[in-house]
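First the structure, in the form of structure tokens, and then the observations on it.
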Amino acid sequence: DGVGEGDAAITSGPVGHGSSHDAASRPVKAAFVILTRNSELHQVRASIRQMEDRFNHRFHYPYVFLNDEHFTDEFKELTTSLASGETFYGKVPPSMWSYPTWINVTKADEDRAQLEKSGVPYGGSLSYRHMCRFQSGWFFRHPLLDQFDYYWRVEPGVQYYCDVDYDVFAFMARNQYKYGWTLSLHEYSETIPTLWDTTRRFMEKYPQHIVDRNSKDSLWNFVTEDNGASYNGCHFWSNFEIGSIQFLRSQAYLDYFDFLDRSGGFFYERWGDAPVHSLAVAMFLDKSQVHWFNDIGYKHEPFTHCPTQQEIYKKCHCDASENFDMDGFSCTPRWLDVVQGTV
Ligand code: GDP
Ligand code: MN
């Protein structure tokens with residue numbers, strides 16, 4: 001693939017940091033991962049500033065920036081200058097950001113035009129589809145992530161509201177959590193007409209990968225309310241994710257991604273990486289492996305997670321009246337029911 005072209009060139013940040021911040025000196029190998037464009041420099045800097053102020057000034061975890069184009073020197077300089085950990089900049093190789101050979105491009109063009117008319121966000125956007133497919137199946141296979149075991153996904157222009165004074169990555173490792181999230185909600189069903197049926201066919205083909213759905217530890221009921229007949233659209237909002245890279249590189253996850261990719265739905269429909277990750281979590285992980293980071297207040301427009309318990313809220317600066325958790329469009333109530341075993 002294109003990784004060998006020098007396009008995946010690994011560039012350490014131009015501003016050096018002391019060796020005490022090097023990956024080798026930390027107990028957990030982890031990094032923030034930010035897929036972004038040069039044009040989002042300001043919003044990326046705002047996210048880094050808050051991540052540093054709320055969390056990373058204590059821990060100095062590195063940042064990995066990924067882009068389907070080359071980052072500019074300005075982008076590198078002005079992001080490294082805010083980061084207290086090492087910075088790495090990588091170009092996504094074309095092999096991870098293009099149509100697979102089996103896609104019928106004419107059909108993809110037509111289907112996009114159709115979805116654009118229906119007014120669904122990004123319905124007509126091809127770049128959005130490449131982005132969703134990359135975030136679903138490829139970011140964790142970018143060579144810059146080879147050296148890490150955990151990632152925290154960060155997006156431009158998000159807010160982190162609460163002081164996080166413990167090492168979140170060490171917490172993930174110690175508890176053997178594979179996936180952590182903060183906001184959950186329902187997907188627009190127009191974007192995923194055949195995702196559920198495709199997932200069910202995958203499950204029939206690969207039963208060995210699936211957690212026993214009758215087990216009390218199964219997360220299956222988070223994504224279905226009729227015993228698997230249909231998808232309720234519930235997913236973890238993937239613009240915030242703290243996860244295990246090894247989980248995404250597992251045979252189960254790779255088989256699932258390949259199965260989905262072959263069916264063409266990333267292009268003919270508009271499958272998001274959030275429902276894809278979430279369905280994988282619901283199939284392959286059990287309750288004890290997934291953590292809701294209630295204590296990490298967060299906003300990605302237009303939704304906010306603002307912790308309501310006074311003890312946690314004291315360390316946060318979000319507007320509690322904006323908390324989305326109990327909104328009708330939120331899936332967090334469903335999550336709580338599932339982990340408490342009431343459904
Ligand atoms: P939304 O959160 O679903 O509204 O989508 P965003 O526009 O925020 O995109 C999700 C993430 O992917 C963000 O971190 C973007 O910066 C990034 N992203 C989206 N499209 C592209 C693209 O074409 N190129 C690059 N390099 N990054 C992209
Ligand atoms: Mn976004």
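Ordering of the structure tokens sets the chain letters (A, B, ...), residue numbers begin anew at 1 in every chain, and ligands are numbered from 1 in the order given.
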- Find the spatial neighbours of Ala170 of chain A, counting only C-alpha atoms, within a cut-off of 10 Å - ignore same-chain residues fewer than 2 positions away - and output them as a list in words. Arg26, Pro27, Val28, Lys29, Ala30, Tyr150, Tyr166, Asp167, Val168, Met172, Ala173, Arg174, Asn175 and Gln176 of chain A
- Message: Applying 12 Å and only C-alpha atoms, which residues near Asn56 of chain A remain after dropping the ones on its own chain fewer than 2 positions away? List them as a PyMOL selection string.
- Response: chain A and resi 21+30-32+47-54+58-63+82-86+152+160+163-169
Store the residues picked out above in a file with N, CA and C atoms, as a compact mmCIF listing (two decimals), in the first residue's frame.
# COMPACT_ATOMS: atom_id res chain seq x y z
N HIS A 21 9.18 13.10 29.02
CA HIS A 21 7.89 13.00 28.35
C HIS A 21 7.88 11.92 27.28
N ALA A 30 0.12 5.25 25.03
CA ALA A 30 -1.15 5.80 24.58
C ALA A 30 -0.93 7.16 23.94
N ALA A 31 -1.88 7.56 23.11
CA ALA A 31 -1.78 8.85 22.43
C ALA A 31 -3.16 9.39 22.10
N PHE A 32 -3.23 10.69 21.98
CA PHE A 32 -4.41 11.32 21.39
C PHE A 32 -4.29 11.17 19.88
N SER A 47 -8.96 22.71 20.96
CA SER A 47 -9.15 21.40 21.60
C SER A 47 -7.90 21.01 22.40
N ILE A 48 -6.73 21.23 21.81
CA ILE A 48 -5.48 20.87 22.51
C ILE A 48 -5.35 21.68 23.80
N ARG A 49 -5.63 22.98 23.69
CA ARG A 49 -5.51 23.85 24.87
C ARG A 49 -6.33 23.30 26.04
N GLN A 50 -7.58 22.90 25.73
CA GLN A 50 -8.44 22.39 26.81
C GLN A 50 -7.98 21.02 27.28
N MET A 51 -7.54 20.18 26.35
CA MET A 51 -7.05 18.86 26.76
C MET A 51 -5.85 19.02 27.69
N GLU A 52 -4.97 19.94 27.37
CA GLU A 52 -3.82 20.19 28.23
C GLU A 52 -4.26 20.72 29.59
N ASP A 53 -5.13 21.71 29.57
CA ASP A 53 -5.51 22.35 30.84
C ASP A 53 -6.29 21.42 31.76
N ARG A 54 -7.15 20.58 31.18
CA ARG A 54 -7.99 19.71 32.00
C ARG A 54 -7.27 18.42 32.39
N ARG A 58 -0.68 17.16 33.27
CA ARG A 58 -0.20 16.25 34.32
C ARG A 58 0.53 15.03 33.76
N PHE A 59 0.18 14.64 32.53
CA PHE A 59 0.63 13.34 32.03
C PHE A 59 1.47 13.39 30.76
N HIS A 60 1.32 14.44 29.97
CA HIS A 60 2.18 14.65 28.79
C HIS A 60 2.09 13.52 27.78
N TYR A 61 0.90 13.02 27.55
CA TYR A 61 0.75 12.01 26.49
C TYR A 61 0.95 12.65 25.12
N PRO A 62 1.45 11.86 24.19
CA PRO A 62 1.71 12.39 22.84
C PRO A 62 0.43 12.55 22.00
N TYR A 63 0.57 13.27 20.93
CA TYR A 63 -0.52 13.50 19.98
C TYR A 63 -0.10 12.95 18.61
N LEU A 82 1.54 24.02 21.60
CA LEU A 82 0.58 23.91 22.71
C LEU A 82 0.64 22.55 23.41
N ALA A 83 1.24 21.57 22.75
CA ALA A 83 1.21 20.20 23.29
C ALA A 83 2.32 20.02 24.32
N SER A 84 1.99 19.38 25.43
CA SER A 84 3.02 19.10 26.44
C SER A 84 3.65 17.73 26.24
N GLY A 85 3.14 16.96 25.28
CA GLY A 85 3.75 15.67 24.93
C GLY A 85 4.32 15.75 23.53
N GLU A 86 4.94 14.67 23.10
CA GLU A 86 5.48 14.62 21.75
C GLU A 86 4.36 14.75 20.72
N TRP A 152 -7.02 8.04 22.43
CA TRP A 152 -8.13 8.92 22.82
C TRP A 152 -8.40 9.79 21.61
N TYR A 160 -13.62 20.33 26.63
CA TYR A 160 -13.46 19.43 27.78
C TYR A 160 -13.66 20.27 29.03
N ASP A 163 -11.91 18.87 35.24
CA ASP A 163 -10.55 18.54 35.63
C ASP A 163 -10.46 17.02 35.81
N VAL A 164 -9.56 16.41 35.08
CA VAL A 164 -9.37 14.95 35.17
C VAL A 164 -7.99 14.74 35.77
N ASP A 165 -7.95 14.38 37.04
CA ASP A 165 -6.66 14.39 37.73
C ASP A 165 -6.02 13.00 37.85
N TYR A 166 -6.66 11.99 37.24
CA TYR A 166 -6.06 10.66 37.25
C TYR A 166 -5.65 10.31 35.82
N ASP A 167 -4.79 9.29 35.70
CA ASP A 167 -4.31 8.88 34.39
C ASP A 167 -5.36 7.97 33.74
N VAL A 168 -6.09 8.56 32.81
CA VAL A 168 -7.21 7.85 32.18
C VAL A 168 -6.74 6.59 31.44
N PHE A 169 -5.58 6.67 30.82
CA PHE A 169 -5.10 5.51 30.08
C PHE A 169 -4.68 4.38 31.03
Go through chain A and flag each residue having an atom no more than 7 Å from ligand 1; for those, report the closest pair of atoms plus their distance in Å to one decimal, using only C-alpha atoms and all ligand atoms, ordered by chain and rising number, as JSON lines.
{"residue": "A:Ile34", "atom": "CA", "partner": "ligand 1", "partner_atom_place_in_ligand_line": "14 (O)", "distance": 6.0}
{"residue": "A:Leu35", "atom": "CA", "partner": "ligand 1", "partner_atom_place_in_ligand_line": "14 (O)", "distance": 4.7}
{"residue": "A:Thr36", "atom": "CA", "partner": "ligand 1", "partner_atom_place_in_ligand_line": "16 (O)", "distance": 3.4}
{"residue": "A:Arg37", "atom": "CA", "partner": "ligand 1", "partner_atom_place_in_ligand_line": "26 (N)", "distance": 4.1}
{"residue": "A:Glu40", "atom": "CA", "partner": "ligand 1", "partner_atom_place_in_ligand_line": "16 (O)", "distance": 6.7}
{"residue": "A:Leu66", "atom": "CA", "partner": "ligand 1", "partner_atom_place_in_ligand_line": "26 (N)", "distance": 6.6}
{"residue": "A:Asn67", "atom": "CA", "partner": "ligand 1", "partner_atom_place_in_ligand_line": "26 (N)", "distance": 3.7}
{"residue": "A:Asp68", "atom": "CA", "partner": "ligand 1", "partner_atom_place_in_ligand_line": "26 (N)", "distance": 4.6}
{"residue": "A:Glu69", "atom": "CA", "partner": "ligand 1", "partner_atom_place_in_ligand_line": "26 (N)", "distance": 6.4}
{"residue": "A:Ser127", "atom": "CA", "partner": "ligand 1", "partner_atom_place_in_ligand_line": "23 (O)", "distance": 4.8}
{"residue": "A:Tyr128", "atom": "CA", "partner": "ligand 1", "partner_atom_place_in_ligand_line": "20 (N)", "distance": 5.2}
{"residue": "A:Met131", "atom": "CA", "partner": "ligand 1", "partner_atom_place_in_ligand_line": "20 (N)", "distance": 5.4}
{"residue": "A:Val154", "atom": "CA", "partner": "ligand 1", "partner_atom_place_in_ligand_line": "14 (O)", "distance": 7.0}
{"residue": "A:Glu155", "atom": "CA", "partner": "ligand 1", "partner_atom_place_in_ligand_line": "14 (O)", "distance": 4.2}
{"residue": "A:Pro156", "atom": "CA", "partner": "ligand 1", "partner_atom_place_in_ligand_line": "14 (O)", "distance": 5.6}
{"residue": "A:Asn239", "atom": "CA", "partner": "ligand 1", "partner_atom_place_in_ligand_line": "2 (O)", "distance": 6.4}
I'd like the neighbourhood of Phe75 of chain A as a short mmCIF file (atom, residue, chain, number, x, y, z; two decimals) with all heavy atoms, in the first residue's frame, where a residue qualifies if any of its atoms comes within 12 Å (using only C-alpha atoms), though same-chain residues fewer than 2 positions away should be ignored.
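Generated output (part.cif):
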data_model
loop_
_atom_site.label_atom_id
_atom_site.label_comp_id
_atom_site.auth_asym_id
_atom_site.auth_seq_id
_atom_site.Cartn_x
_atom_site.Cartn_y
_atom_site.Cartn_z
N GLY A 13 7.53 16.54 16.25
CA GLY A 13 7.29 17.98 16.28
C GLY A 13 8.58 18.76 16.27
O GLY A 13 9.59 18.30 16.81
N PRO A 14 8.58 19.91 15.63
CA PRO A 14 9.79 20.71 15.55
C PRO A 14 10.26 21.26 16.91
O PRO A 14 11.41 21.58 17.07
CB PRO A 14 9.40 21.86 14.62
CG PRO A 14 7.91 21.87 14.58
CD PRO A 14 7.46 20.49 14.90
N THR A 36 -7.56 15.43 11.01
CA THR A 36 -8.02 16.80 10.77
C THR A 36 -7.42 17.38 9.50
O THR A 36 -6.59 16.75 8.84
CB THR A 36 -7.70 17.69 12.00
OG1 THR A 36 -8.35 18.94 11.86
CG2 THR A 36 -6.19 17.90 12.15
N ARG A 37 -7.90 18.57 9.15
CA ARG A 37 -7.42 19.27 7.96
C ARG A 37 -6.64 20.50 8.38
O ARG A 37 -6.89 21.07 9.44
CB ARG A 37 -8.62 19.71 7.11
CG ARG A 37 -9.42 18.57 6.52
CD ARG A 37 -10.76 19.04 5.98
NE ARG A 37 -11.71 19.12 7.07
CZ ARG A 37 -12.97 18.68 7.02
NH1 ARG A 37 -13.44 18.14 5.92
NH2 ARG A 37 -13.76 18.80 8.06
N ASN A 38 -5.73 20.94 7.52
CA ASN A 38 -4.98 22.17 7.81
C ASN A 38 -5.92 23.34 8.11
O ASN A 38 -5.62 24.17 8.96
CB ASN A 38 -4.09 22.53 6.62
CG ASN A 38 -2.90 21.60 6.49
OD1 ASN A 38 -2.11 21.46 7.44
ND2 ASN A 38 -2.77 20.94 5.36
N SER A 39 -7.05 23.37 7.43
CA SER A 39 -7.98 24.50 7.58
C SER A 39 -8.63 24.54 8.96
O SER A 39 -9.24 25.53 9.33
CB SER A 39 -9.07 24.43 6.51
OG SER A 39 -9.80 23.21 6.65
N GLU A 40 -8.49 23.47 9.73
CA GLU A 40 -9.11 23.44 11.06
C GLU A 40 -8.10 23.78 12.17
O GLU A 40 -8.35 23.50 13.34
CB GLU A 40 -9.71 22.06 11.32
CG GLU A 40 -10.90 21.78 10.40
CD GLU A 40 -11.39 20.34 10.46
OE1 GLU A 40 -10.59 19.42 10.16
OE2 GLU A 40 -12.57 20.13 10.80
N LEU A 41 -6.99 24.40 11.78
CA LEU A 41 -5.92 24.67 12.75
C LEU A 41 -6.43 25.35 14.01
O LEU A 41 -6.11 24.95 15.13
CB LEU A 41 -4.82 25.53 12.09
CG LEU A 41 -3.72 26.02 13.03
CD1 LEU A 41 -2.99 24.88 13.72
CD2 LEU A 41 -2.73 26.90 12.27
N HIS A 42 -7.22 26.39 13.85
CA HIS A 42 -7.66 27.12 15.04
C HIS A 42 -8.48 26.23 15.98
O HIS A 42 -8.25 26.21 17.19
CB HIS A 42 -8.46 28.37 14.65
CG HIS A 42 -9.05 29.04 15.84
ND1 HIS A 42 -8.28 29.68 16.79
CD2 HIS A 42 -10.32 29.10 16.30
CE1 HIS A 42 -9.06 30.12 17.76
NE2 HIS A 42 -10.30 29.79 17.49
N GLN A 43 -9.41 25.48 15.40
CA GLN A 43 -10.27 24.62 16.22
C GLN A 43 -9.46 23.50 16.88
O GLN A 43 -9.75 23.10 18.01
CB GLN A 43 -11.40 24.03 15.37
CG GLN A 43 -12.40 25.06 14.85
CD GLN A 43 -12.00 25.63 13.50
OE1 GLN A 43 -10.81 25.81 13.19
NE2 GLN A 43 -12.98 25.94 12.69
N VAL A 44 -8.46 22.99 16.17
CA VAL A 44 -7.60 21.96 16.75
C VAL A 44 -6.83 22.53 17.93
O VAL A 44 -6.73 21.91 18.99
CB VAL A 44 -6.61 21.40 15.70
CG1 VAL A 44 -5.57 20.50 16.35
CG2 VAL A 44 -7.36 20.63 14.63
N ARG A 45 -6.31 23.74 17.77
CA ARG A 45 -5.55 24.35 18.86
C ARG A 45 -6.44 24.56 20.09
O ARG A 45 -6.00 24.37 21.22
CB ARG A 45 -4.94 25.68 18.42
CG ARG A 45 -3.92 25.51 17.30
CD ARG A 45 -3.23 26.83 16.98
NE ARG A 45 -2.11 27.08 17.86
CZ ARG A 45 -1.94 28.18 18.59
NH1 ARG A 45 -2.84 29.13 18.55
NH2 ARG A 45 -0.87 28.30 19.35
N PHE A 65 -1.36 13.36 14.79
CA PHE A 65 -2.23 14.09 13.86
C PHE A 65 -2.22 13.37 12.52
O PHE A 65 -1.15 13.06 11.99
CB PHE A 65 -1.73 15.52 13.67
CG PHE A 65 -1.70 16.33 14.93
CD1 PHE A 65 -0.56 16.34 15.74
CD2 PHE A 65 -2.81 17.06 15.34
CE1 PHE A 65 -0.53 17.08 16.92
CE2 PHE A 65 -2.78 17.80 16.52
CZ PHE A 65 -1.65 17.81 17.31
N LEU A 66 -3.40 13.12 11.99
CA LEU A 66 -3.50 12.44 10.70
C LEU A 66 -4.31 13.30 9.73
O LEU A 66 -5.22 14.04 10.14
CB LEU A 66 -4.19 11.08 10.86
CG LEU A 66 -3.48 10.08 11.79
CD1 LEU A 66 -4.34 8.83 11.95
CD2 LEU A 66 -2.10 9.72 11.24
N ASN A 67 -3.96 13.19 8.44
CA ASN A 67 -4.59 14.04 7.44
C ASN A 67 -4.48 13.32 6.10
O ASN A 67 -3.49 12.62 5.85
CB ASN A 67 -3.81 15.37 7.41
CG ASN A 67 -4.44 16.42 6.53
OD1 ASN A 67 -5.41 16.16 5.81
ND2 ASN A 67 -3.87 17.62 6.58
N HIS A 70 -0.88 16.62 3.16
CA HIS A 70 0.27 16.93 4.03
C HIS A 70 -0.08 18.07 4.97
O HIS A 70 -0.71 19.05 4.56
CB HIS A 70 1.48 17.32 3.18
CG HIS A 70 2.10 16.16 2.47
ND1 HIS A 70 2.84 15.21 3.12
CD2 HIS A 70 2.07 15.79 1.16
CE1 HIS A 70 3.24 14.29 2.25
NE2 HIS A 70 2.77 14.62 1.05
N PHE A 71 0.35 17.94 6.20
CA PHE A 71 0.20 19.08 7.12
C PHE A 71 1.19 20.17 6.74
O PHE A 71 2.33 19.88 6.34
CB PHE A 71 0.44 18.63 8.56
CG PHE A 71 -0.73 17.91 9.17
CD1 PHE A 71 -0.64 16.56 9.51
CD2 PHE A 71 -1.94 18.58 9.42
CE1 PHE A 71 -1.72 15.89 10.07
CE2 PHE A 71 -3.02 17.91 9.98
CZ PHE A 71 -2.91 16.57 10.30
N THR A 72 0.76 21.39 6.91
CA THR A 72 1.66 22.52 6.63
C THR A 72 2.62 22.71 7.80
O THR A 72 2.34 22.29 8.93
CB THR A 72 0.86 23.82 6.45
OG1 THR A 72 0.16 24.10 7.69
CG2 THR A 72 -0.16 23.70 5.32
N ASP A 73 3.72 23.41 7.53
CA ASP A 73 4.67 23.72 8.61
C ASP A 73 3.99 24.57 9.67
O ASP A 73 4.24 24.41 10.87
CB ASP A 73 5.89 24.45 8.05
CG ASP A 73 6.76 23.51 7.22
OD1 ASP A 73 6.63 22.28 7.40
OD2 ASP A 73 7.55 24.01 6.40
N GLU A 77 3.85 23.63 13.60
CA GLU A 77 4.47 24.50 14.60
C GLU A 77 3.45 24.95 15.65
O GLU A 77 3.72 24.93 16.86
CB GLU A 77 5.09 25.71 13.91
CG GLU A 77 5.79 26.62 14.90
CD GLU A 77 6.48 27.81 14.25
OE1 GLU A 77 6.54 27.87 13.00
OE2 GLU A 77 6.94 28.68 15.02
N LEU A 78 2.25 25.31 15.18
CA LEU A 78 1.26 25.92 16.09
C LEU A 78 0.45 24.88 16.86
O LEU A 78 -0.31 25.23 17.75
CB LEU A 78 0.34 26.87 15.32
CG LEU A 78 1.04 28.14 14.82
CD1 LEU A 78 0.07 29.00 14.01
CD2 LEU A 78 1.63 28.94 15.99
N THR A 79 0.60 23.61 16.54
CA THR A 79 -0.01 22.58 17.39
C THR A 79 1.03 22.05 18.37
O THR A 79 0.75 21.91 19.56
CB THR A 79 -0.62 21.45 16.55
OG1 THR A 79 0.34 21.02 15.57
CG2 THR A 79 -1.89 21.90 15.85
N THR A 80 2.25 21.83 17.87
CA THR A 80 3.32 21.38 18.78
C THR A 80 3.56 22.38 19.90
O THR A 80 3.85 22.01 21.04
CB THR A 80 4.61 21.14 17.98
OG1 THR A 80 4.40 20.02 17.12
CG2 THR A 80 5.80 20.83 18.90
N SER A 81 3.39 23.66 19.60
CA SER A 81 3.67 24.70 20.61
C SER A 81 2.71 24.62 21.79
O SER A 81 3.03 25.11 22.87
CB SER A 81 3.60 26.08 19.97
OG SER A 81 2.28 26.35 19.51
N LEU A 82 1.54 24.02 21.60
CA LEU A 82 0.58 23.91 22.71
C LEU A 82 0.64 22.55 23.41
O LEU A 82 0.12 22.40 24.52
CB LEU A 82 -0.85 24.13 22.21
CG LEU A 82 -1.20 25.53 21.71
CD1 LEU A 82 -2.68 25.58 21.29
CD2 LEU A 82 -0.92 26.57 22.78
N THR A 87 4.72 15.21 19.54
CA THR A 87 3.72 15.30 18.47
C THR A 87 4.23 14.56 17.23
O THR A 87 5.42 14.60 16.92
CB THR A 87 3.43 16.77 18.10
OG1 THR A 87 4.68 17.46 17.94
CG2 THR A 87 2.62 17.44 19.20
N PHE A 88 3.31 13.90 16.56
CA PHE A 88 3.61 13.14 15.36
C PHE A 88 2.59 13.53 14.29
O PHE A 88 1.40 13.68 14.59
CB PHE A 88 3.48 11.63 15.60
CG PHE A 88 4.37 11.11 16.71
CD1 PHE A 88 3.91 11.08 18.02
CD2 PHE A 88 5.65 10.65 16.43
CE1 PHE A 88 4.72 10.60 19.05
CE2 PHE A 88 6.47 10.16 17.45
CZ PHE A 88 6.01 10.14 18.76
N TYR A 89 3.08 13.67 13.07
CA TYR A 89 2.21 14.09 11.98
C TYR A 89 2.29 13.08 10.85
O TYR A 89 3.39 12.77 10.38
CB TYR A 89 2.64 15.49 11.47
CG TYR A 89 2.54 16.53 12.57
CD1 TYR A 89 3.60 16.73 13.45
CD2 TYR A 89 1.37 17.25 12.76
CE1 TYR A 89 3.51 17.65 14.49
CE2 TYR A 89 1.26 18.18 13.80
CZ TYR A 89 2.34 18.36 14.66
OH TYR A 89 2.24 19.26 15.70
#
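When atom CA of Leu260 of chain A is paired with atom CA of Arg201 of chain A, their separation reads 9.9 Å.
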- Item | Residue set, segment 41-89 of chain A restricted to strand (DSSP E), as a ChimeraX atom specification | /A:63-67,87-89
